[in-house]
file coords-v1.txt (compact mmCIF, N, CA and C atoms)
# COMPACT_ATOMS: atom_id res chain seq x y z
N MET Y 1 191.50 48.35 -45.84
CA MET Y 1 191.51 46.94 -45.48
C MET Y 1 192.93 46.41 -45.38
N GLY Y 2 193.82 46.97 -46.14
CA GLY Y 2 195.18 46.49 -46.13
C GLY Y 2 195.40 45.42 -47.19
N PRO Y 3 196.66 45.14 -47.50
CA PRO Y 3 196.97 44.22 -48.60
C PRO Y 3 196.85 42.74 -48.25
N ASP Y 4 196.80 42.39 -46.97
CA ASP Y 4 196.78 40.98 -46.57
C ASP Y 4 195.35 40.52 -46.28
N PRO Y 5 194.75 39.76 -47.19
CA PRO Y 5 193.38 39.29 -46.97
C PRO Y 5 193.21 38.48 -45.69
N ALA Y 6 194.27 37.83 -45.24
CA ALA Y 6 194.17 37.02 -44.02
C ALA Y 6 193.93 37.90 -42.79
N ALA Y 7 194.22 39.20 -42.90
CA ALA Y 7 194.04 40.11 -41.77
C ALA Y 7 192.70 40.84 -41.82
N TRP Y 8 191.91 40.62 -42.85
CA TRP Y 8 190.64 41.32 -42.99
C TRP Y 8 189.61 40.78 -42.00
N THR Y 9 188.73 41.66 -41.58
CA THR Y 9 187.62 41.27 -40.72
C THR Y 9 186.49 40.71 -41.59
N PRO Y 10 185.51 40.03 -40.99
CA PRO Y 10 184.36 39.58 -41.78
C PRO Y 10 183.66 40.73 -42.50
N GLU Y 11 183.57 41.87 -41.85
CA GLU Y 11 182.91 43.02 -42.47
C GLU Y 11 183.70 43.51 -43.69
N GLN Y 12 185.03 43.46 -43.60
CA GLN Y 12 185.86 43.87 -44.73
C GLN Y 12 185.74 42.89 -45.88
N TRP Y 13 185.66 41.60 -45.57
CA TRP Y 13 185.45 40.60 -46.63
C TRP Y 13 184.12 40.84 -47.33
N SER Y 14 183.11 41.12 -46.54
CA SER Y 14 181.78 41.37 -47.10
C SER Y 14 181.80 42.61 -47.98
N ALA Y 15 182.45 43.66 -47.50
CA ALA Y 15 182.54 44.90 -48.28
C ALA Y 15 183.25 44.65 -49.60
N ARG Y 16 184.33 43.89 -49.57
CA ARG Y 16 185.06 43.59 -50.80
C ARG Y 16 184.17 42.80 -51.77
N ALA Y 17 183.49 41.77 -51.26
CA ALA Y 17 182.62 40.97 -52.12
C ALA Y 17 181.53 41.83 -52.74
N LYS Y 18 180.94 42.73 -51.97
CA LYS Y 18 179.89 43.60 -52.50
C LYS Y 18 180.44 44.53 -53.58
N ILE Y 19 181.64 45.04 -53.37
CA ILE Y 19 182.26 45.91 -54.38
C ILE Y 19 182.53 45.13 -55.66
N VAL Y 20 183.07 43.93 -55.52
CA VAL Y 20 183.38 43.11 -56.69
C VAL Y 20 182.09 42.75 -57.43
N VAL Y 21 181.09 42.30 -56.71
CA VAL Y 21 179.83 41.89 -57.35
C VAL Y 21 179.14 43.08 -58.03
N THR Y 22 179.08 44.21 -57.35
CA THR Y 22 178.36 45.36 -57.92
C THR Y 22 179.15 46.10 -58.99
N SER Y 23 180.47 45.90 -59.04
CA SER Y 23 181.25 46.59 -60.07
C SER Y 23 181.38 45.76 -61.35
N ASP Y 24 181.01 44.49 -61.30
CA ASP Y 24 181.04 43.65 -62.49
C ASP Y 24 179.62 43.56 -63.05
N PRO Y 25 179.38 44.13 -64.23
CA PRO Y 25 178.01 44.16 -64.77
C PRO Y 25 177.37 42.79 -64.90
N LEU Y 26 178.11 41.78 -65.32
CA LEU Y 26 177.53 40.46 -65.52
C LEU Y 26 177.12 39.82 -64.19
N THR Y 27 178.00 39.90 -63.20
CA THR Y 27 177.69 39.31 -61.89
C THR Y 27 176.53 40.06 -61.23
N TYR Y 28 176.57 41.38 -61.29
CA TYR Y 28 175.52 42.18 -60.66
C TYR Y 28 174.17 41.93 -61.33
N ASP Y 29 174.16 41.88 -62.65
CA ASP Y 29 172.91 41.62 -63.36
C ASP Y 29 172.35 40.25 -63.01
N THR Y 30 173.22 39.25 -62.92
CA THR Y 30 172.77 37.91 -62.55
C THR Y 30 172.22 37.89 -61.14
N MET Y 31 172.90 38.57 -60.24
CA MET Y 31 172.43 38.62 -58.85
C MET Y 31 171.04 39.25 -58.77
N LYS Y 32 170.86 40.39 -59.48
CA LYS Y 32 169.57 41.10 -59.44
C LYS Y 32 168.47 40.36 -60.18
N THR Y 33 168.76 39.93 -61.40
CA THR Y 33 167.69 39.41 -62.25
C THR Y 33 167.43 37.93 -62.11
N VAL Y 34 168.40 37.19 -61.61
CA VAL Y 34 168.21 35.75 -61.51
C VAL Y 34 168.11 35.30 -60.05
N VAL Y 35 169.14 35.57 -59.27
CA VAL Y 35 169.18 35.04 -57.91
C VAL Y 35 168.09 35.67 -57.04
N VAL Y 36 168.11 36.98 -56.90
CA VAL Y 36 167.13 37.65 -56.03
C VAL Y 36 165.72 37.53 -56.60
N ARG Y 37 165.57 37.71 -57.89
CA ARG Y 37 164.23 37.61 -58.49
C ARG Y 37 163.64 36.22 -58.32
N SER Y 38 164.49 35.18 -58.42
CA SER Y 38 163.95 33.83 -58.27
C SER Y 38 163.44 33.61 -56.84
N LEU Y 39 164.10 34.22 -55.86
CA LEU Y 39 163.61 34.13 -54.50
C LEU Y 39 162.36 34.99 -54.30
N TRP Y 40 162.39 36.19 -54.86
CA TRP Y 40 161.29 37.13 -54.70
C TRP Y 40 159.97 36.57 -55.23
N PHE Y 41 160.04 35.90 -56.40
CA PHE Y 41 158.82 35.41 -57.04
C PHE Y 41 158.56 33.92 -56.81
N SER Y 42 159.36 33.28 -56.03
CA SER Y 42 159.19 31.86 -55.77
C SER Y 42 157.95 31.61 -54.93
N PRO Y 43 157.09 30.68 -55.35
CA PRO Y 43 155.94 30.34 -54.53
C PRO Y 43 156.36 29.59 -53.26
N LEU Y 44 157.61 29.17 -53.20
CA LEU Y 44 158.10 28.42 -52.05
C LEU Y 44 158.71 29.31 -50.98
N HIS Y 45 158.81 30.62 -51.26
CA HIS Y 45 159.43 31.54 -50.30
C HIS Y 45 158.45 32.65 -49.93
N THR Y 46 158.48 33.02 -48.68
CA THR Y 46 157.69 34.15 -48.20
C THR Y 46 158.61 35.36 -48.09
N LEU Y 47 158.04 36.53 -47.86
CA LEU Y 47 158.86 37.71 -47.64
C LEU Y 47 159.74 37.52 -46.40
N ARG Y 48 159.20 36.87 -45.39
CA ARG Y 48 159.99 36.58 -44.20
C ARG Y 48 161.15 35.63 -44.56
N GLY Y 49 160.87 34.67 -45.44
CA GLY Y 49 161.92 33.76 -45.88
C GLY Y 49 163.01 34.48 -46.66
N LEU Y 50 162.61 35.44 -47.47
CA LEU Y 50 163.59 36.24 -48.21
C LEU Y 50 164.46 37.02 -47.24
N ARG Y 51 163.85 37.59 -46.23
CA ARG Y 51 164.61 38.32 -45.21
C ARG Y 51 165.58 37.38 -44.49
N SER Y 52 165.13 36.17 -44.21
CA SER Y 52 166.00 35.18 -43.57
C SER Y 52 167.17 34.82 -44.48
N TYR Y 53 166.91 34.70 -45.78
CA TYR Y 53 167.98 34.42 -46.73
C TYR Y 53 169.04 35.51 -46.68
N LEU Y 54 168.59 36.76 -46.70
CA LEU Y 54 169.54 37.87 -46.67
C LEU Y 54 170.30 37.92 -45.35
N ARG Y 55 169.64 37.59 -44.26
CA ARG Y 55 170.33 37.51 -42.97
C ARG Y 55 171.36 36.38 -42.98
N GLY Y 56 171.03 35.32 -43.66
CA GLY Y 56 171.96 34.20 -43.77
C GLY Y 56 173.24 34.60 -44.47
N MET Y 57 173.12 35.49 -45.45
CA MET Y 57 174.31 35.99 -46.13
C MET Y 57 175.20 36.73 -45.13
N THR Y 58 174.60 37.52 -44.25
CA THR Y 58 175.37 38.23 -43.23
C THR Y 58 175.98 37.24 -42.25
N PHE Y 59 175.23 36.22 -41.88
CA PHE Y 59 175.73 35.20 -40.98
C PHE Y 59 176.96 34.52 -41.57
N SER Y 60 176.93 34.24 -42.88
CA SER Y 60 178.04 33.53 -43.51
C SER Y 60 179.30 34.38 -43.63
N GLU Y 61 179.17 35.70 -43.41
CA GLU Y 61 180.36 36.56 -43.44
C GLU Y 61 181.39 36.11 -42.42
N ARG Y 62 180.93 35.51 -41.33
CA ARG Y 62 181.84 35.12 -40.25
C ARG Y 62 182.85 34.06 -40.66
N VAL Y 63 182.53 33.26 -41.68
CA VAL Y 63 183.47 32.21 -42.08
C VAL Y 63 184.49 32.69 -43.11
N ALA Y 64 184.32 33.89 -43.64
CA ALA Y 64 185.24 34.38 -44.67
C ALA Y 64 186.69 34.40 -44.23
N PRO Y 65 187.02 34.93 -43.06
CA PRO Y 65 188.43 34.93 -42.67
C PRO Y 65 189.03 33.52 -42.56
N GLU Y 66 188.22 32.58 -42.11
CA GLU Y 66 188.70 31.21 -42.02
C GLU Y 66 188.86 30.59 -43.40
N ALA Y 67 187.93 30.90 -44.29
CA ALA Y 67 187.99 30.34 -45.64
C ALA Y 67 189.21 30.82 -46.40
N VAL Y 68 189.58 32.08 -46.22
CA VAL Y 68 190.75 32.60 -46.94
C VAL Y 68 192.03 31.97 -46.43
N GLY Y 69 192.00 31.49 -45.21
CA GLY Y 69 193.19 30.88 -44.64
C GLY Y 69 193.45 29.47 -45.13
N ILE Y 70 192.50 28.90 -45.85
CA ILE Y 70 192.66 27.55 -46.37
C ILE Y 70 193.58 27.59 -47.59
N ASP Y 71 194.59 26.78 -47.55
CA ASP Y 71 195.49 26.65 -48.69
C ASP Y 71 195.12 25.36 -49.41
N GLU Y 72 194.37 25.48 -50.49
CA GLU Y 72 193.89 24.31 -51.22
C GLU Y 72 195.04 23.42 -51.67
N TRP Y 73 196.15 24.04 -52.05
CA TRP Y 73 197.30 23.27 -52.52
C TRP Y 73 197.89 22.45 -51.37
N ALA Y 74 197.96 23.03 -50.17
CA ALA Y 74 198.52 22.32 -49.03
C ALA Y 74 197.59 21.19 -48.58
N GLU Y 75 196.29 21.37 -48.82
CA GLU Y 75 195.32 20.34 -48.45
C GLU Y 75 195.49 19.09 -49.32
N GLY Y 76 196.10 19.27 -50.48
CA GLY Y 76 196.37 18.14 -51.36
C GLY Y 76 195.59 18.19 -52.65
N THR Y 77 196.14 17.52 -53.64
CA THR Y 77 195.52 17.49 -54.96
C THR Y 77 195.21 16.08 -55.42
N ASP Y 78 195.32 15.11 -54.52
CA ASP Y 78 194.95 13.73 -54.83
C ASP Y 78 193.57 13.45 -54.26
N PHE Y 79 192.63 13.16 -55.15
CA PHE Y 79 191.25 12.93 -54.75
C PHE Y 79 190.87 11.48 -55.05
N ALA Y 80 190.18 10.86 -54.11
CA ALA Y 80 189.69 9.50 -54.30
C ALA Y 80 188.34 9.48 -55.00
N LEU Y 81 187.73 10.66 -55.12
CA LEU Y 81 186.41 10.80 -55.76
C LEU Y 81 186.55 11.57 -57.07
N PRO Y 82 185.58 11.45 -57.96
CA PRO Y 82 185.60 12.27 -59.18
C PRO Y 82 185.62 13.76 -58.81
N PHE Y 83 186.25 14.54 -59.65
CA PHE Y 83 186.45 15.97 -59.38
C PHE Y 83 186.03 16.77 -60.61
N PHE Y 84 185.06 17.67 -60.42
CA PHE Y 84 184.55 18.47 -61.54
C PHE Y 84 184.56 19.95 -61.17
N VAL Y 85 184.92 20.78 -62.12
CA VAL Y 85 184.85 22.23 -61.95
C VAL Y 85 184.09 22.77 -63.16
N PHE Y 86 182.90 23.29 -62.89
CA PHE Y 86 182.09 23.96 -63.92
C PHE Y 86 181.81 25.35 -63.39
N GLN Y 87 182.26 26.36 -64.09
CA GLN Y 87 182.08 27.71 -63.58
C GLN Y 87 181.97 28.70 -64.71
N GLY Y 88 181.58 29.93 -64.34
CA GLY Y 88 181.45 30.99 -65.32
C GLY Y 88 182.78 31.39 -65.91
N ALA Y 89 182.79 31.63 -67.20
CA ALA Y 89 184.02 32.02 -67.89
C ALA Y 89 184.51 33.39 -67.44
N HIS Y 90 183.63 34.18 -66.86
CA HIS Y 90 183.98 35.54 -66.45
C HIS Y 90 183.79 35.74 -64.94
N ASP Y 91 184.04 34.69 -64.17
CA ASP Y 91 183.84 34.74 -62.72
C ASP Y 91 184.84 35.69 -62.08
N VAL Y 92 184.33 36.72 -61.39
CA VAL Y 92 185.20 37.71 -60.75
C VAL Y 92 185.49 37.38 -59.29
N LEU Y 93 184.71 36.49 -58.69
CA LEU Y 93 184.95 36.10 -57.31
C LEU Y 93 185.85 34.87 -57.23
N THR Y 94 185.70 33.96 -58.16
CA THR Y 94 186.56 32.78 -58.26
C THR Y 94 187.09 32.74 -59.69
N PRO Y 95 188.17 33.46 -59.97
CA PRO Y 95 188.67 33.59 -61.35
C PRO Y 95 188.99 32.23 -61.98
N PRO Y 96 188.65 32.07 -63.25
CA PRO Y 96 188.90 30.80 -63.94
C PRO Y 96 190.37 30.40 -64.01
N GLY Y 97 191.29 31.35 -64.10
CA GLY Y 97 192.71 31.01 -64.21
C GLY Y 97 193.22 30.19 -63.04
N PRO Y 98 193.10 30.69 -61.81
CA PRO Y 98 193.53 29.89 -60.66
C PRO Y 98 192.72 28.61 -60.49
N ALA Y 99 191.44 28.64 -60.81
CA ALA Y 99 190.63 27.42 -60.71
C ALA Y 99 191.14 26.37 -61.69
N ARG Y 100 191.47 26.80 -62.90
CA ARG Y 100 192.00 25.88 -63.92
C ARG Y 100 193.36 25.32 -63.48
N ALA Y 101 194.21 26.18 -62.93
CA ALA Y 101 195.53 25.73 -62.48
C ALA Y 101 195.40 24.66 -61.40
N PHE Y 102 194.48 24.86 -60.46
CA PHE Y 102 194.27 23.86 -59.42
C PHE Y 102 193.72 22.57 -60.03
N TYR Y 103 192.75 22.70 -60.92
CA TYR Y 103 192.16 21.54 -61.59
C TYR Y 103 193.25 20.71 -62.28
N GLU Y 104 194.16 21.39 -62.97
CA GLU Y 104 195.21 20.68 -63.70
C GLU Y 104 196.20 19.97 -62.78
N ALA Y 105 196.29 20.42 -61.55
CA ALA Y 105 197.19 19.77 -60.59
C ALA Y 105 196.53 18.57 -59.90
N VAL Y 106 195.22 18.45 -60.03
CA VAL Y 106 194.48 17.39 -59.34
C VAL Y 106 194.65 16.05 -60.05
N THR Y 107 194.75 15.02 -59.22
CA THR Y 107 194.70 13.65 -59.70
C THR Y 107 193.44 13.04 -59.09
N ALA Y 108 192.57 12.54 -59.95
CA ALA Y 108 191.30 11.95 -59.50
C ALA Y 108 190.93 10.81 -60.45
N PRO Y 109 190.07 9.89 -60.00
CA PRO Y 109 189.67 8.79 -60.87
C PRO Y 109 188.97 9.27 -62.14
N ALA Y 110 188.30 10.40 -62.03
CA ALA Y 110 187.68 11.05 -63.19
C ALA Y 110 187.65 12.53 -62.88
N GLN Y 111 187.83 13.34 -63.89
CA GLN Y 111 187.78 14.78 -63.65
C GLN Y 111 187.45 15.50 -64.95
N ASP Y 112 186.87 16.70 -64.79
CA ASP Y 112 186.52 17.50 -65.96
C ASP Y 112 186.43 18.96 -65.55
N PHE Y 113 186.67 19.81 -66.52
CA PHE Y 113 186.65 21.25 -66.30
C PHE Y 113 185.91 21.88 -67.47
N ALA Y 114 185.00 22.79 -67.19
CA ALA Y 114 184.30 23.48 -68.26
C ALA Y 114 183.95 24.89 -67.81
N LEU Y 115 184.06 25.82 -68.75
CA LEU Y 115 183.65 27.19 -68.49
C LEU Y 115 182.31 27.42 -69.17
N ILE Y 116 181.44 28.10 -68.48
CA ILE Y 116 180.13 28.43 -69.01
C ILE Y 116 180.21 29.87 -69.53
N GLU Y 117 180.09 30.01 -70.83
CA GLU Y 117 180.22 31.33 -71.45
C GLU Y 117 179.07 32.25 -71.03
N ASP Y 118 179.29 33.53 -71.13
CA ASP Y 118 178.31 34.56 -70.77
C ASP Y 118 177.81 34.37 -69.34
N ALA Y 119 178.74 33.98 -68.46
CA ALA Y 119 178.37 33.78 -67.07
C ALA Y 119 179.55 34.16 -66.19
N SER Y 120 179.20 34.59 -64.98
CA SER Y 120 180.21 34.94 -63.99
C SER Y 120 180.06 33.99 -62.81
N HIS Y 121 180.04 34.53 -61.59
CA HIS Y 121 180.06 33.70 -60.40
C HIS Y 121 178.81 32.82 -60.26
N PHE Y 122 177.69 33.28 -60.68
CA PHE Y 122 176.44 32.52 -60.53
C PHE Y 122 176.09 31.80 -61.83
N ALA Y 123 177.05 31.10 -62.41
CA ALA Y 123 176.88 30.47 -63.73
C ALA Y 123 175.71 29.49 -63.77
N SER Y 124 175.56 28.68 -62.73
CA SER Y 124 174.49 27.69 -62.75
C SER Y 124 173.11 28.33 -62.65
N PHE Y 125 173.04 29.54 -62.11
CA PHE Y 125 171.77 30.27 -62.05
C PHE Y 125 171.50 30.99 -63.36
N ARG Y 126 172.54 31.57 -63.95
CA ARG Y 126 172.38 32.35 -65.17
C ARG Y 126 172.07 31.45 -66.37
N HIS Y 127 172.73 30.30 -66.42
CA HIS Y 127 172.51 29.35 -67.52
C HIS Y 127 172.26 27.94 -66.98
N PRO Y 128 171.10 27.74 -66.34
CA PRO Y 128 170.82 26.43 -65.76
C PRO Y 128 170.78 25.33 -66.81
N ASP Y 129 170.36 25.66 -68.03
CA ASP Y 129 170.32 24.67 -69.10
C ASP Y 129 171.72 24.14 -69.42
N ARG Y 130 172.69 25.02 -69.51
CA ARG Y 130 174.07 24.62 -69.80
C ARG Y 130 174.66 23.84 -68.62
N PHE Y 131 174.38 24.31 -67.41
CA PHE Y 131 174.88 23.61 -66.22
C PHE Y 131 174.29 22.20 -66.14
N LEU Y 132 172.99 22.08 -66.39
CA LEU Y 132 172.35 20.77 -66.37
C LEU Y 132 172.93 19.87 -67.45
N GLU Y 133 173.19 20.42 -68.62
CA GLU Y 133 173.80 19.64 -69.70
C GLU Y 133 175.17 19.09 -69.25
N LEU Y 134 175.97 19.92 -68.61
CA LEU Y 134 177.27 19.46 -68.11
C LEU Y 134 177.11 18.36 -67.07
N MET Y 135 176.15 18.54 -66.18
CA MET Y 135 175.91 17.54 -65.15
C MET Y 135 175.47 16.20 -65.76
N LEU Y 136 174.57 16.29 -66.75
CA LEU Y 136 174.04 15.07 -67.36
C LEU Y 136 175.03 14.38 -68.29
N THR Y 137 175.84 15.15 -69.01
CA THR Y 137 176.74 14.55 -70.00
C THR Y 137 178.13 14.25 -69.46
N ARG Y 138 178.54 14.92 -68.40
CA ARG Y 138 179.90 14.72 -67.92
C ARG Y 138 179.96 14.09 -66.52
N VAL Y 139 179.05 14.49 -65.65
CA VAL Y 139 179.08 13.96 -64.28
C VAL Y 139 178.30 12.64 -64.20
N ARG Y 140 177.07 12.66 -64.67
CA ARG Y 140 176.21 11.48 -64.53
C ARG Y 140 176.85 10.20 -65.08
N PRO Y 141 177.41 10.23 -66.30
CA PRO Y 141 178.01 8.98 -66.80
C PRO Y 141 179.16 8.47 -65.92
N THR Y 142 179.84 9.38 -65.26
CA THR Y 142 180.96 9.00 -64.41
C THR Y 142 180.49 8.39 -63.10
N VAL Y 143 179.52 9.02 -62.47
CA VAL Y 143 179.07 8.52 -61.17
C VAL Y 143 178.06 7.39 -61.28
N ALA Y 144 177.43 7.26 -62.44
CA ALA Y 144 176.44 6.17 -62.63
C ALA Y 144 177.13 4.87 -63.03
N ALA Y 145 178.39 4.97 -63.41
CA ALA Y 145 179.10 3.77 -63.90
C ALA Y 145 179.44 2.82 -62.78
call {"tool": "encode", "arguments": {"input": "coords-v1.txt", "output": "structure tokens"}}
result
Amino acid sequence: MGPDPAAWTPEQWSARAKIVVTSDPLTYDTMKTVVVRSLWFSPLHTLRGLRSYLRGMTFSERVAPEAVGIDEWAEGTDFALPFFVFQGAHDVLTPPGPARAFYEAVTAPAQDFALIEDASHFASFRHPDRFLELMLTRVRPTVAA
């Protein structure tokens, strides 16, 4: 693939994401046991719908090269809206360190940062109770005011 992510093709981005997800036990377990299983056993989804979901993942590969080209810092760190970052403490796709550094540079009317322990990239799926608690105790009071 080469060292420059900006030069990667959508297929290379997808391959990298699959390697990262499948090589991290926590992320892979969450993907298999929570994300896919919730779709598989959902009374709201058919097998055709599950196939469409998986095709959608392939469709979204096309935006990866454009997404990597976005420089969040250049876009600015002054927000007119509340800004919250709640993510898995062990996220391998969006590491907490850079996310925290960006959060700390942000100026917003209200902001908060929290790591969800025993969770990786799919933190809100793995621990929906903890995610809901954060939404109700930290976001709701801010936006309801």
call {"tool": "residues_near_point", "arguments": {"input": "coords-v1.txt", "point": "(182.6, 43.5, -63.3)", "cutoff": "12 Å", "atoms": "only C-alpha atoms", "output": "VMD selection string"}}
result
chain Y and resid 17 to 30 90 to 93 95 119 to 121
call {"tool": "select_by_dssp", "arguments": {"input": "coords-v1.txt", "residues": "stretch 65-130 of chain Y", "states": "strand (DSSP E)", "output": "number ranges by chain"}}
result
Y: 83-88, 111-116
call {"tool": "residues_near_point", "arguments": {"input": "coords-v1.txt", "point": "(175.9, 38.8, -44.8)", "cutoff": "10 Å", "atoms": "only C-alpha atoms", "output": "list in words"}}
result
Pro10, Glu11, Trp13, Ser14, Ala15, Lys18, Tyr53, Leu54, Arg55, Gly56, Met57, Thr58, Phe59, Ser60, Glu61 and Arg62 of chain Y
call {"tool": "write_last_selection", "arguments": {"input": "coords-v1.txt", "atoms": "N, CA and C atoms", "output": "PDB file, keeping the file's coordinate frame"}}
result
ATOM      1  N   PRO Y  10     185.510  40.030 -40.990  1.00  0.00           N
ATOM      2  CA  PRO Y  10     184.360  39.580 -41.780  1.00  0.00           C
ATOM      3  C   PRO Y  10     183.660  40.730 -42.500  1.00  0.00           C
ATOM      4  N   GLU Y  11     183.570  41.870 -41.850  1.00  0.00           N
ATOM      5  CA  GLU Y  11     182.910  43.020 -42.470  1.00  0.00           C
ATOM      6  C   GLU Y  11     183.700  43.510 -43.690  1.00  0.00           C
ATOM      7  N   TRP Y  13     185.660  41.600 -45.570  1.00  0.00           N
ATOM      8  CA  TRP Y  13     185.450  40.600 -46.630  1.00  0.00           C
ATOM      9  C   TRP Y  13     184.120  40.840 -47.330  1.00  0.00           C
ATOM     10  N   SER Y  14     183.110  41.120 -46.540  1.00  0.00           N
ATOM     11  CA  SER Y  14     181.780  41.370 -47.100  1.00  0.00           C
ATOM     12  C   SER Y  14     181.800  42.610 -47.980  1.00  0.00           C
ATOM     13  N   ALA Y  15     182.450  43.660 -47.500  1.00  0.00           N
ATOM     14  CA  ALA Y  15     182.540  44.900 -48.280  1.00  0.00           C
ATOM     15  C   ALA Y  15     183.250  44.650 -49.600  1.00  0.00           C
ATOM     16  N   LYS Y  18     180.940  42.730 -51.970  1.00  0.00           N
ATOM     17  CA  LYS Y  18     179.890  43.600 -52.500  1.00  0.00           C
ATOM     18  C   LYS Y  18     180.440  44.530 -53.580  1.00  0.00           C
ATOM     19  N   TYR Y  53     166.910  34.700 -45.780  1.00  0.00           N
ATOM     20  CA  TYR Y  53     167.980  34.420 -46.730  1.00  0.00           C
ATOM     21  C   TYR Y  53     169.040  35.510 -46.680  1.00  0.00           C
ATOM     22  N   LEU Y  54     168.590  36.760 -46.700  1.00  0.00           N
ATOM     23  CA  LEU Y  54     169.540  37.870 -46.670  1.00  0.00           C
ATOM     24  C   LEU Y  54     170.300  37.920 -45.350  1.00  0.00           C
ATOM     25  N   ARG Y  55     169.640  37.590 -44.260  1.00  0.00           N
ATOM     26  CA  ARG Y  55     170.330  37.510 -42.970  1.00  0.00           C
ATOM     27  C   ARG Y  55     171.360  36.380 -42.980  1.00  0.00           C
ATOM     28  N   GLY Y  56     171.030  35.320 -43.660  1.00  0.00           N
ATOM     29  CA  GLY Y  56     171.960  34.200 -43.770  1.00  0.00           C
ATOM     30  C   GLY Y  56     173.240  34.600 -44.470  1.00  0.00           C
ATOM     31  N   MET Y  57     173.120  35.490 -45.450  1.00  0.00           N
ATOM     32  CA  MET Y  57     174.310  35.990 -46.130  1.00  0.00           C
ATOM     33  C   MET Y  57     175.200  36.730 -45.130  1.00  0.00           C
ATOM     34  N   THR Y  58     174.600  37.520 -44.250  1.00  0.00           N
ATOM     35  CA  THR Y  58     175.370  38.230 -43.230  1.00  0.00           C
ATOM     36  C   THR Y  58     175.980  37.240 -42.250  1.00  0.00           C
ATOM     37  N   PHE Y  59     175.230  36.220 -41.880  1.00  0.00           N
ATOM     38  CA  PHE Y  59     175.730  35.200 -40.980  1.00  0.00           C
ATOM     39  C   PHE Y  59     176.960  34.520 -41.570  1.00  0.00           C
ATOM     40  N   SER Y  60     176.930  34.240 -42.880  1.00  0.00           N
ATOM     41  CA  SER Y  60     178.040  33.530 -43.510  1.00  0.00           C
ATOM     42  C   SER Y  60     179.300  34.380 -43.630  1.00  0.00           C
ATOM     43  N   GLU Y  61     179.170  35.700 -43.410  1.00  0.00           N
ATOM     44  CA  GLU Y  61     180.360  36.560 -43.440  1.00  0.00           C
ATOM     45  C   GLU Y  61     181.390  36.110 -42.420  1.00  0.00           C
ATOM     46  N   ARG Y  62     180.930  35.510 -41.330  1.00  0.00           N
ATOM     47  CA  ARG Y  62     181.840  35.120 -40.250  1.00  0.00           C
ATOM     48  C   ARG Y  62     182.850  34.060 -40.660  1.00  0.00           C
TER      49      ARG Y  62
END
call {"tool": "atom_distance", "arguments": {"input": "coords-v1.txt", "atom1": "atom CA of Y:Met1", "atom2": "atom CA of Y:Ala101"}}
result
27.5 Å
call {"tool": "atom_distance", "arguments": {"input": "coords-v1.txt", "atom1": "atom C of Y:Arg37", "atom2": "atom N of Y:Leu132"}}
result
18.8 Å
call {"tool": "atom_distance", "arguments": {"input": "coords-v1.txt", "atom1": "atom N of Y:Val106", "atom2": "atom N of Y:Thr142"}}
result
18.6 Å
call {"tool": "closest_residue", "arguments": {"input": "coords-v1.txt", "among": "Y:Ala145, Y:Val63, Y:Ala99, Y:Ala105", "to": "Y:Phe79", "atoms": "only C-alpha atoms"}}
result
Y:Ala105
call {"tool": "select_by_dssp", "arguments": {"input": "coords-v1.txt", "residues": "chain Y", "states": "helix (DSSP H, G or I)", "output": "VMD selection string"}}
result
chain Y and resid 5 to 7 10 to 23 25 to 40 47 to 68 72 to 75 96 to 105 123 to 126 128 to 144
call {"tool": "closest_residue", "arguments": {"input": "coords-v1.txt", "among": "Y:Gly88, Y:Pro109, Y:Gly76, Y:Gly97", "to": "Y:Phe131", "atoms": "only C-alpha atoms"}}
result
Y:Gly88
